[in-house]
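Quick notes on the structure that follows.
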Amino acid sequence: MQSFNCPIILASSSPRRIELMKTAGITVLIRTPEVDETLRKGEKPKQMVLRLARAKADAVLQLALREHGTAIIIAADTTVVTPDGKTILGKPTDLGDAFKMLKRIAGKTHVVHTAYCILSAAREMKPKRTTRVVSSKVTMRKLSDEAIRRYLQLGESMDKAGSYAAQGHGALLIQKLNGSHTNVIGLPMAELLGDLEKNFGVAAFE
């Protein structure tokens with residue numbers, strides 16, 4: 001049902017996002033965008049992830065057009081916000097930083113925001129764009145310092161916003177999740193697949 005009859009490009013090297021698209025039966029080409037992900041002064045978390053998702057799609061647009069002439073690009077950005085809503089937790093810089101992040105969210109509820117941008121483009125045509133931000137509330141179980149250290153020894157924290165992997169051992173740290181589970185992994189698939197089919201003629205499992 002891919003009515004555009006063109007390649008679908010995932011503007012991400014995230015193994016989690018790649019696997020989610022594979023699970024949906026959608027074949028994608030991988031292109032890694034180069035984007036400055038620095039938070040801007042006064043920028044809210046939802047504003048940041050939406051801006052970065054758009055920027056990542058735009059960053060691979062010209063390459064996609066040069067390579068294929070026409071393409072559908074999917075880009076996303078995910079962030080974790082502390083329980084008090086005041087601080088964005090990105091990827092940890094080291095294990096000490098990861099420990100502090102997990103200590104901060106243990107036993108409390110935090111929010112995960114993921115924005116995605118779907119961009120269809122062809123040479124000499126104005127791109128068509130759909131964007132969305134999806135939010136999920138995650139309640140972590142209470143964790144002792146030793147439990148946090150044992151989790152960190154598993155080695156899955158360093159490239160994860162908030163320092164845990166909801167699709168890995170980190171799922172066992174979660175007490176309750178309200179909203180999209182795949183959103184916490186990095187790509188809200190129910191919403192993404194709905195927009196792909198409705199707006200771009202791309203269906204899962206085809």
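Chains: A, B, ... in order of the structure tokens. Residues: from 1 per chain. Ligands: from 1, in order shown.
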**Those of range 12-132 of chain A in DSSP strand (DSSP E), formatted as an NGL selection string** = :A and (29-30 or 70-81 or 88-89 or 109-122 or 128-132)
Residues flagged helix (DSSP H, G or I) by DSSP in range 14-201 of chain A, as an mmCIF file with C-alpha atoms, in the first residue's frame:
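Below you can see selection-v4.cif, which holds the result:
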```cif
data_model
loop_
_atom_site.group_PDB
_atom_site.id
_atom_site.type_symbol
_atom_site.label_atom_id
_atom_site.label_comp_id
_atom_site.auth_asym_id
_atom_site.auth_seq_id
_atom_site.Cartn_x
_atom_site.Cartn_y
_atom_site.Cartn_z
ATOM 1 C CA PRO A 15 18.553 0.283 17.265
ATOM 2 C CA ARG A 16 15.239 0.603 19.132
ATOM 3 C CA ARG A 17 13.573 2.662 16.411
ATOM 4 C CA ILE A 18 14.997 0.440 13.677
ATOM 5 C CA GLU A 19 13.613 -2.658 15.407
ATOM 6 C CA LEU A 20 10.178 -1.063 15.906
ATOM 7 C CA MET A 21 9.920 -0.280 12.190
ATOM 8 C CA LYS A 22 11.033 -3.826 11.373
ATOM 9 C CA THR A 23 8.374 -5.216 13.710
ATOM 10 C CA PRO A 45 10.364 19.910 26.526
ATOM 11 C CA LYS A 46 7.583 19.399 23.961
ATOM 12 C CA GLN A 47 8.864 22.325 21.917
ATOM 13 C CA MET A 48 12.379 20.891 21.976
ATOM 14 C CA VAL A 49 11.496 17.373 20.804
ATOM 15 C CA LEU A 50 9.248 18.733 18.062
ATOM 16 C CA ARG A 51 11.942 21.114 16.818
ATOM 17 C CA LEU A 52 14.557 18.357 16.816
ATOM 18 C CA ALA A 53 12.329 15.848 15.035
ATOM 19 C CA ARG A 54 11.737 18.386 12.263
ATOM 20 C CA ALA A 55 15.417 19.299 12.139
ATOM 21 C CA LYS A 56 16.448 15.642 11.825
ATOM 22 C CA ALA A 57 14.049 15.094 8.929
ATOM 23 C CA ASP A 58 15.281 18.239 7.203
ATOM 24 C CA ALA A 59 18.910 17.216 7.782
ATOM 25 C CA VAL A 60 18.599 14.154 5.524
ATOM 26 C CA LEU A 61 16.151 15.645 3.015
ATOM 27 C CA GLN A 62 18.627 16.818 0.376
ATOM 28 C CA LEU A 63 20.629 13.598 0.603
ATOM 29 C CA ALA A 64 17.443 11.597 0.125
ATOM 30 C CA LEU A 65 16.460 13.621 -2.931
ATOM 31 C CA ARG A 66 19.930 13.286 -4.465
ATOM 32 C CA GLU A 67 19.950 9.538 -3.918
ATOM 33 C CA HIS A 68 16.364 8.690 -4.798
ATOM 34 C CA LEU A 95 27.825 6.116 35.137
ATOM 35 C CA GLY A 96 27.850 8.687 37.916
ATOM 36 C CA ASP A 97 25.473 10.871 35.940
ATOM 37 C CA ALA A 98 23.276 7.850 35.168
ATOM 38 C CA PHE A 99 23.122 6.996 38.882
ATOM 39 C CA LYS A 100 21.975 10.538 39.721
ATOM 40 C CA MET A 101 19.249 10.398 37.055
ATOM 41 C CA LEU A 102 17.862 7.076 38.250
ATOM 42 C CA LYS A 103 18.032 8.226 41.861
ATOM 43 C CA ARG A 104 16.014 11.281 40.876
ATOM 44 C CA ILE A 105 13.158 9.343 39.240
ATOM 45 C CA ASP A 145 21.229 2.670 45.793
ATOM 46 C CA GLU A 146 22.500 -0.880 45.464
ATOM 47 C CA ALA A 147 19.652 -1.827 43.111
ATOM 48 C CA ILE A 148 20.489 1.160 40.906
ATOM 49 C CA ARG A 149 24.172 0.160 40.849
ATOM 50 C CA ARG A 150 23.283 -3.419 39.891
ATOM 51 C CA TYR A 151 21.146 -2.139 37.030
ATOM 52 C CA LEU A 152 23.904 0.167 35.812
ATOM 53 C CA ALA A 161 17.455 9.404 27.846
ATOM 54 C CA GLY A 162 16.777 9.099 31.563
ATOM 55 C CA SER A 163 19.386 6.316 31.861
ATOM 56 C CA HIS A 169 16.122 -4.849 31.753
ATOM 57 C CA GLY A 170 14.910 -1.339 32.534
ATOM 58 C CA ALA A 171 11.344 -2.547 32.037
ATOM 59 C CA LEU A 172 11.708 -4.223 35.434
ATOM 60 C CA LEU A 173 12.277 -0.808 37.043
ATOM 61 C CA HIS A 181 4.818 1.858 25.752
ATOM 62 C CA THR A 182 6.652 2.190 22.431
ATOM 63 C CA ASN A 183 6.711 5.952 22.988
ATOM 64 C CA VAL A 184 8.953 5.347 26.002
ATOM 65 C CA ILE A 185 11.171 3.132 23.839
ATOM 66 C CA MET A 189 3.986 3.250 16.902
ATOM 67 C CA ALA A 190 0.185 3.412 17.142
ATOM 68 C CA GLU A 191 0.177 7.106 16.322
ATOM 69 C CA LEU A 192 2.988 6.868 13.772
ATOM 70 C CA LEU A 193 1.386 3.987 11.864
ATOM 71 C CA GLY A 194 -1.954 5.796 11.847
ATOM 72 C CA ASP A 195 -0.412 8.913 10.331
ATOM 73 C CA LEU A 196 1.633 6.914 7.816
ATOM 74 C CA GLU A 197 -1.435 5.115 6.515
ATOM 75 C CA LYS A 198 -3.833 8.053 6.598
ATOM 76 C CA ASN A 199 -1.570 10.758 5.227
ATOM 77 C CA PHE A 200 1.066 8.909 3.196
#
```
**Message:** My list of candidates is A:Ser180, A:Thr139, A:Gly107, A:Lys91. Which is closest to Glu156 in chain A when distances are computed with only C-alpha atoms?
**Reply:**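 For Glu156 in chain A, the nearest of the candidates is A:Lys91.
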**Prompt:** In terms of the shortest atom-to-atom distance over only C-alpha atoms, which of A:Ala106, A:Ala115, A:Ala11, A:Met140 is closest to Thr79 in chain A?
**Reply:** A:Ala115
**Request:** Give the answer as one residue: which of A:Gln175, A:Thr70, A:Ser14, A:Thr114 has the shortest atom-to-atom distance to Arg132 in chain A, using only C-alpha atoms?
**Result:**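 Ranking A:Gln175, A:Thr70, A:Ser14, A:Thr114 by distance to Arg132 in chain A, first place goes to A:Thr114.
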